[in-house]
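J.: my_file-v2.cif is reproduced in full below (mmCIF, C-alpha atoms).
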```cif
data_data
#
loop_
_atom_site.label_atom_id
_atom_site.label_comp_id
_atom_site.auth_asym_id
_atom_site.auth_seq_id
_atom_site.Cartn_x
_atom_site.Cartn_y
_atom_site.Cartn_z
CA MET A 1 85.24 99.25 118.10
CA ASP A 2 81.84 100.89 117.88
CA LEU A 3 81.64 103.19 114.84
CA SER A 4 79.16 105.44 116.65
CA GLU A 5 81.86 106.51 119.14
CA TRP A 6 84.11 107.61 116.29
CA LEU A 7 81.25 109.41 114.55
CA LYS A 8 80.45 111.28 117.78
CA GLU A 9 84.09 112.34 118.02
CA ASP A 10 84.01 113.35 114.34
CA ALA A 11 81.07 115.65 115.09
CA ALA A 12 83.06 117.26 117.90
CA THR A 13 86.05 117.62 115.58
CA ALA A 14 83.86 119.29 112.94
CA ARG A 15 82.58 121.76 115.57
CA TYR A 16 86.16 122.46 116.65
CA TYR A 17 87.29 123.30 113.11
CA ALA A 18 84.15 125.32 112.37
CA ALA A 19 84.97 127.48 115.41
CA ARG A 20 88.59 127.89 114.28
CA LEU A 21 87.43 128.90 110.81
CA ALA A 22 85.00 131.44 112.29
CA GLN A 23 87.83 132.84 114.40
CA HIS A 24 90.67 132.87 111.83
CA GLY A 25 89.08 132.79 108.37
CA ASP A 26 91.19 131.67 105.41
CA ASP A 27 94.37 131.09 107.40
CA VAL A 28 96.54 128.11 108.38
CA ARG A 29 95.43 128.64 111.99
CA SER A 30 91.93 127.55 110.95
CA VAL A 31 93.30 124.10 110.16
CA ASP A 32 95.62 124.14 113.19
CA TRP A 33 98.95 124.38 111.39
CA GLY A 34 101.54 126.42 113.26
CA SER A 35 102.69 128.24 110.14
CA VAL A 36 102.50 128.27 106.38
CA GLN A 37 106.07 126.93 106.36
CA SER A 38 105.18 123.86 108.43
CA GLN A 39 102.18 123.20 106.20
CA VAL A 40 104.31 123.50 103.05
CA GLN A 41 106.93 121.14 104.50
CA ARG A 42 104.25 118.50 104.97
CA PHE A 43 102.90 119.06 101.45
CA GLU A 44 106.40 118.72 99.98
CA VAL A 45 106.90 115.36 101.68
CA LEU A 46 103.43 114.06 100.82
CA ALA A 47 103.75 115.05 97.15
CA ARG A 48 106.83 112.84 96.76
CA VAL A 49 104.56 109.79 96.84
CA GLY A 50 104.49 109.64 93.04
CA ASP A 51 103.97 111.47 89.77
CA LEU A 52 100.78 113.43 90.35
CA SER A 53 100.63 114.86 86.82
CA ASN A 54 97.31 113.98 85.20
CA ALA A 55 96.47 111.75 88.16
CA THR A 56 93.29 111.51 90.18
CA VAL A 57 93.78 112.76 93.73
CA LEU A 58 91.63 112.42 96.85
CA ASP A 59 92.50 114.76 99.73
CA VAL A 60 90.89 113.48 102.94
CA GLY A 61 90.51 116.18 105.56
CA CYS A 62 91.12 118.83 102.92
CA GLY A 63 90.38 121.72 105.27
CA LEU A 64 90.58 124.92 103.23
CA GLY A 65 91.86 123.20 100.08
CA ASP A 66 95.43 124.32 100.68
CA LEU A 67 96.94 121.12 99.25
CA TYR A 68 95.04 121.73 96.02
CA ALA A 69 96.29 125.33 95.92
CA TRP A 70 99.87 124.24 96.60
CA LEU A 71 99.85 121.54 93.91
CA SER A 72 98.22 123.88 91.39
CA GLN A 73 100.77 126.61 92.07
CA ARG A 74 103.43 124.09 91.08
CA GLY A 75 101.72 123.54 87.74
CA ILE A 76 100.52 120.03 88.55
CA GLN A 77 97.49 119.20 86.43
CA MET A 78 95.30 116.65 88.19
CA ARG A 79 91.72 115.70 88.84
CA TYR A 80 91.41 116.64 92.51
CA THR A 81 88.65 115.90 95.00
CA GLY A 82 88.74 117.22 98.54
CA VAL A 83 86.60 115.81 101.34
CA ASP A 84 86.18 117.01 104.90
CA ILE A 85 83.83 116.34 107.79
CA THR A 86 83.40 120.07 108.47
CA PRO A 87 80.71 121.60 106.24
CA GLN A 88 82.00 125.13 106.83
CA MET A 89 85.44 124.12 105.52
CA ILE A 90 83.88 122.70 102.38
CA ASP A 91 81.87 125.91 101.92
CA ALA A 92 85.11 127.90 102.18
CA CYS A 93 86.80 125.59 99.64
CA ARG A 94 83.95 126.01 97.19
CA ARG A 95 84.21 129.80 97.50
CA ARG A 96 87.99 129.69 96.95
CA PHE A 97 87.94 127.14 94.12
CA PRO A 98 84.47 127.01 92.54
CA ALA A 99 85.55 124.74 89.66
CA VAL A 100 87.01 122.05 91.97
CA ASP A 101 85.18 119.08 93.47
CA PHE A 102 84.77 119.40 97.26
CA GLU A 103 82.42 117.25 99.33
CA VAL A 104 81.34 116.96 102.94
CA ALA A 105 82.10 113.33 103.67
CA ASN A 106 83.12 111.05 106.47
CA LEU A 107 85.52 108.52 105.03
CA LEU A 108 84.23 105.72 107.25
CA GLU A 109 80.72 106.07 105.81
CA ALA A 110 81.00 107.71 102.39
CA LYS A 111 80.88 105.88 99.10
CA LEU A 112 83.76 107.37 97.14
CA GLU A 113 85.43 106.50 93.86
CA ARG A 114 88.92 105.05 93.84
CA ARG A 115 91.69 107.51 92.97
CA ASP A 116 95.30 107.14 91.89
CA TYR A 117 96.56 108.91 95.01
CA VAL A 118 94.95 109.46 98.39
CA PHE A 119 96.28 112.06 100.83
CA ALA A 120 95.51 112.68 104.49
CA SER A 121 97.35 115.44 106.28
CA GLY A 122 96.63 116.11 109.93
CA ILE A 123 93.47 114.03 110.29
CA PHE A 124 94.64 111.95 113.26
CA TYR A 125 95.91 114.43 115.77
CA LEU A 126 92.71 115.26 117.73
CA ARG A 127 91.71 111.63 118.20
CA GLN A 128 90.98 110.62 121.78
CA THR A 129 88.71 107.57 121.41
CA HIS A 130 90.85 104.52 120.64
CA PRO A 131 93.20 106.56 118.43
CA LEU A 132 95.34 103.67 117.18
CA ASP A 133 92.29 101.60 116.26
CA TYR A 134 90.85 104.65 114.50
CA MET A 135 94.09 105.20 112.62
CA ARG A 136 94.20 101.57 111.51
CA ALA A 137 90.58 101.70 110.30
CA MET A 138 91.16 104.95 108.44
CA LEU A 139 94.39 103.73 106.85
CA ALA A 140 92.64 100.59 105.65
CA ARG A 141 89.97 102.81 104.09
CA LEU A 142 92.58 105.15 102.54
CA PHE A 143 94.37 102.22 100.93
CA ALA A 144 91.08 100.71 99.75
CA LEU A 145 90.40 103.95 97.87
CA CYS A 146 93.75 104.23 96.07
CA ASP A 147 95.14 102.63 92.96
CA LYS A 148 98.77 103.78 93.27
CA ALA A 149 99.69 105.18 96.69
CA VAL A 150 98.57 106.72 99.95
CA ALA A 151 100.44 109.55 101.64
CA PHE A 152 99.59 110.66 105.17
CA ASN A 153 101.19 112.14 108.22
CA SER A 154 100.62 111.62 111.91
CA LEU A 155 103.10 113.96 113.55
CA SER A 156 102.35 114.95 117.12
CA ALA A 157 104.43 116.02 120.07
CA TRP A 158 101.47 115.24 122.35
CA SER A 159 101.32 111.49 121.96
CA PRO A 160 102.84 109.45 124.79
CA GLN A 161 103.77 106.88 122.14
CA ARG A 162 106.14 108.20 119.43
#
```
What's the structure tokens form of this structure?
T.:
Amino acid sequence: MDLSEWLKEDAATARYYAARLAQHGDDVRSVDWGSVQSQVQRFEVLARVGDLSNATVLDVGCGLGDLYAWLSQRGIQMRYTGVDITPQMIDACRRRFPAVDFEVANLLEAKLERRDYVFASGIFYLRQTHPLDYMRAMLARLFALCDKAVAFNSLSAWSPQR
């Protein structure tokens, strides 16, 4: 698979989310969740991956930093880093949480430190170009960056393959 095809699709994805953010602002619709409840359900499942207290956490496709907010509201102390391919999302995160580490980064190219836990929520669903190959490549990268566990989701009613 040619990385340049995936990077071109990533640029289109970043434009898509920038437009949603411009339209909806700080709202779950900007990150394409149907509701706060559906987003929280995903976070609850992902957070069961292990004891996140005092852990290092990497949130790939962090969007508006909602996973960080959710974990913090539960009193979980961690060293969190959020990365996203959409610069406008990272700008919004930095405004919301100025003391937290957020970076514009494409996981397939970025040099990132290993973390205890790596999360990815909703990063696969817009993929059109060889989506299963992309998912495999991204999962390999997610696991290469973690010391303890990876938690991700890939729920979609659109996929012809369940």
J.: Compare A:Arg74, A:Lys148, A:Arg29, A:Arg15 by their minimum atom-to-atom distance to Tyr117 of chain A, counting all atoms listed in the file, and give me the closest one.
T.: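 Nearest to Tyr117 of chain A: A:Lys148.
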J.: To verify the selection step, state as a PyMOL selection string which residues the PyMOL selection byres ((chain A and resi 33-37) around 12) yields on this input.
T.: chain A and resi 17+20+24+26-32+38-44+63-64+66-67+70+121-123+125+155-156
J.: Please list as an NGL selection string every residue within 12 Å of Ala99 of chain A, counting all atoms listed in the file and excluding residues in the same chain fewer than 5 positions away.
T.: :A and (68 or 79-81 or 93-94)
J.: Could those residues be written to a file, using C-alpha atoms, as an mmCIF file, keeping the file's coordinate frame?
T.:
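In the end it all went to again_10.cif:
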```cif
data_model
loop_
_atom_site.group_PDB
_atom_site.id
_atom_site.type_symbol
_atom_site.label_atom_id
_atom_site.label_comp_id
_atom_site.auth_asym_id
_atom_site.auth_seq_id
_atom_site.Cartn_x
_atom_site.Cartn_y
_atom_site.Cartn_z
ATOM 1 C CA TYR A 68 95.040 121.730 96.020
ATOM 2 C CA ARG A 79 91.720 115.700 88.840
ATOM 3 C CA TYR A 80 91.410 116.640 92.510
ATOM 4 C CA THR A 81 88.650 115.900 95.000
ATOM 5 C CA CYS A 93 86.800 125.590 99.640
ATOM 6 C CA ARG A 94 83.950 126.010 97.190
#
```
J.: Closest to Met89 of chain A among A:Ser4, A:Asn54, A:Ser72, A:Thr13, using all atoms listed in the file?
T.: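 Smallest separation from Met89 of chain A among the options: A:Thr13.
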J.: So that I can check the surroundings of Glu5 of chain A, please list as a list in words every protein, DNA and RNA residue that reaches within 12 Å of it, counting all atoms listed in the file and ignoring chain neighbours fewer than 5 positions away.
T.: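 Contacts, in chain order: Asp10, Ala11, Ala12, Arg127, Gln128, Thr129, His130, Pro131, Asp133 and Tyr134 of chain A.
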J.: Place a sphere of radius 9 Å on (78.6, 115.0, 104.2) in the file coordinates and name every protein, DNA or RNA residue with an atom inside or on its surface, counting all atoms listed in the file; give the answer as number ranges by chain.
T.: A: 83-87, 103-106, 110
J.: Please, what distance in Å, to one decimal, runs between atom CA of Leu7 of chain A and atom CA of Arg136 of chain A?
T.: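 Value for the atom CA of Leu7 of chain A-atom CA of Arg136 of chain A distance: 15.4 Å.
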J.: For each of A:Val45, A:Phe119, A:Arg114, A:Leu126, take the minimum atom-to-atom distance to Ala151 of chain A, counting only C-alpha atoms, then give the residue where this is smallest.
T.: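 Among the listed residues, the smallest separation from Ala151 of chain A belongs to A:Phe119.
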J.: Considering all atoms listed in the file, can you say which of A:Arg141, A:Ala149, A:Ala14, A:Ser154 comes closest to Asp51 of chain A?
T.: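 Smallest distance to Asp51 of chain A is found for A:Ala149.
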J.: Please, what distance in Å, to one decimal, runs between atom CA of Val60 of chain A and atom CA of Gly82 of chain A?
T.: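 Separation of atom CA of Val60 of chain A and atom CA of Gly82 of chain A: 6.2 Å.
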J.: Kindly resolve the PyMOL selection byres ((chain A and resi 116) around 9) on the present coordinates and return the residues as a list in words.
T.: Leu52, Ala55, Thr56, Val57, Leu58, Arg114, Arg115, Tyr117, Val118, Leu145, Cys146, Asp147, Lys148, Ala149 and Val150 of chain A
J.: For the atom pair atom CA of Ala47 of chain A and atom CA of Phe124 of chain A, what is the interatomic distance in Å to one decimal place?
T.: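 The value is 18.8 Å.
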J.: Please output segment 23-52 of chain A, rebuilt to include N, CA and C atoms, as an mmCIF file, in the coordinates of the input.
T.:
```cif
data_model
loop_
_atom_site.group_PDB
_atom_site.id
_atom_site.type_symbol
_atom_site.label_atom_id
_atom_site.label_comp_id
_atom_site.auth_asym_id
_atom_site.auth_seq_id
_atom_site.Cartn_x
_atom_site.Cartn_y
_atom_site.Cartn_z
ATOM 1 N N GLN A 23 86.891 131.964 113.712
ATOM 2 C CA GLN A 23 87.830 132.840 114.400
ATOM 3 C C GLN A 23 88.919 133.379 113.471
ATOM 4 N N HIS A 24 89.469 132.507 112.597
ATOM 5 C CA HIS A 24 90.670 132.870 111.830
ATOM 6 C C HIS A 24 90.433 133.089 110.340
ATOM 7 N N GLY A 25 89.322 132.640 109.800
ATOM 8 C CA GLY A 25 89.080 132.790 108.370
ATOM 9 C C GLY A 25 90.043 131.944 107.545
ATOM 10 N N ASP A 26 90.334 132.402 106.350
ATOM 11 C CA ASP A 26 91.190 131.670 105.410
ATOM 12 C C ASP A 26 92.650 131.809 105.837
ATOM 13 N N ASP A 27 93.046 130.989 106.787
ATOM 14 C CA ASP A 27 94.370 131.090 107.400
ATOM 15 C C ASP A 27 94.776 129.709 107.905
ATOM 16 N N VAL A 28 96.072 129.424 107.920
ATOM 17 C CA VAL A 28 96.540 128.110 108.380
ATOM 18 C C VAL A 28 96.125 127.827 109.820
ATOM 19 N N ARG A 29 95.878 128.871 110.616
ATOM 20 C CA ARG A 29 95.430 128.640 111.990
ATOM 21 C C ARG A 29 94.052 127.989 112.040
ATOM 22 N N SER A 30 93.248 128.186 110.998
ATOM 23 C CA SER A 30 91.930 127.550 110.950
ATOM 24 C C SER A 30 92.028 126.038 110.872
ATOM 25 N N VAL A 31 93.100 125.549 110.272
ATOM 26 C CA VAL A 31 93.300 124.100 110.160
ATOM 27 C C VAL A 31 94.364 123.609 111.145
ATOM 28 N N ASP A 32 94.721 124.470 112.074
ATOM 29 C CA ASP A 32 95.620 124.140 113.190
ATOM 30 C C ASP A 32 97.071 123.869 112.788
ATOM 31 N N TRP A 33 97.522 124.443 111.688
ATOM 32 C CA TRP A 33 98.950 124.380 111.390
ATOM 33 C C TRP A 33 99.604 125.564 112.080
ATOM 34 N N GLY A 34 100.822 125.363 112.554
ATOM 35 C CA GLY A 34 101.540 126.420 113.260
ATOM 36 C C GLY A 34 101.970 127.544 112.351
ATOM 37 N N SER A 35 102.228 127.229 111.085
ATOM 38 C CA SER A 35 102.690 128.240 110.140
ATOM 39 C C SER A 35 102.499 127.724 108.720
ATOM 40 N N VAL A 36 102.542 128.652 107.783
ATOM 41 C CA VAL A 36 102.500 128.270 106.380
ATOM 42 C C VAL A 36 103.693 127.383 106.053
ATOM 43 N N GLN A 37 104.860 127.707 106.628
ATOM 44 C CA GLN A 37 106.070 126.930 106.360
ATOM 45 C C GLN A 37 105.922 125.476 106.798
ATOM 46 N N SER A 38 105.342 125.245 107.974
ATOM 47 C CA SER A 38 105.180 123.860 108.430
ATOM 48 C C SER A 38 104.180 123.116 107.550
ATOM 49 N N GLN A 39 103.154 123.819 107.093
ATOM 50 C CA GLN A 39 102.180 123.200 106.200
ATOM 51 C C GLN A 39 102.846 122.839 104.868
ATOM 52 N N VAL A 40 103.628 123.753 104.323
ATOM 53 C CA VAL A 40 104.310 123.500 103.050
ATOM 54 C C VAL A 40 105.303 122.354 103.185
ATOM 55 N N GLN A 41 106.005 122.260 104.297
ATOM 56 C CA GLN A 41 106.930 121.140 104.500
ATOM 57 C C GLN A 41 106.196 119.809 104.421
ATOM 58 N N ARG A 42 105.038 119.738 105.033
ATOM 59 C CA ARG A 42 104.250 118.500 104.970
ATOM 60 C C ARG A 42 103.812 118.214 103.540
ATOM 61 N N PHE A 43 103.337 119.243 102.834
ATOM 62 C CA PHE A 43 102.900 119.060 101.450
ATOM 63 C C PHE A 43 104.058 118.568 100.579
ATOM 64 N N GLU A 44 105.235 119.129 100.773
ATOM 65 C CA GLU A 44 106.400 118.720 99.980
ATOM 66 C C GLU A 44 106.708 117.242 100.172
ATOM 67 N N VAL A 45 106.630 116.773 101.394
ATOM 68 C CA VAL A 45 106.900 115.360 101.680
ATOM 69 C C VAL A 45 105.789 114.487 101.099
ATOM 70 N N LEU A 46 104.555 114.858 101.320
ATOM 71 C CA LEU A 46 103.430 114.060 100.820
ATOM 72 C C LEU A 46 103.458 113.951 99.294
ATOM 73 N N ALA A 47 103.784 115.036 98.621
ATOM 74 C CA ALA A 47 103.750 115.050 97.150
ATOM 75 C C ALA A 47 104.829 114.181 96.518
ATOM 76 N N ARG A 48 105.782 113.735 97.287
ATOM 77 C CA ARG A 48 106.830 112.840 96.760
ATOM 78 C C ARG A 48 106.339 111.407 96.575
ATOM 79 N N VAL A 49 105.097 111.143 96.903
ATOM 80 C CA VAL A 49 104.560 109.790 96.840
ATOM 81 C C VAL A 49 104.569 109.229 95.421
ATOM 82 N N GLY A 50 104.507 110.108 94.424
ATOM 83 C CA GLY A 50 104.490 109.640 93.040
ATOM 84 C C GLY A 50 104.284 110.795 92.081
ATOM 85 N N ASP A 51 104.188 110.463 90.807
ATOM 86 C CA ASP A 51 103.970 111.470 89.770
ATOM 87 C C ASP A 51 102.488 111.831 89.749
ATOM 88 N N LEU A 52 102.173 113.003 90.227
ATOM 89 C CA LEU A 52 100.780 113.430 90.350
ATOM 90 C C LEU A 52 100.230 114.052 89.065
#
```
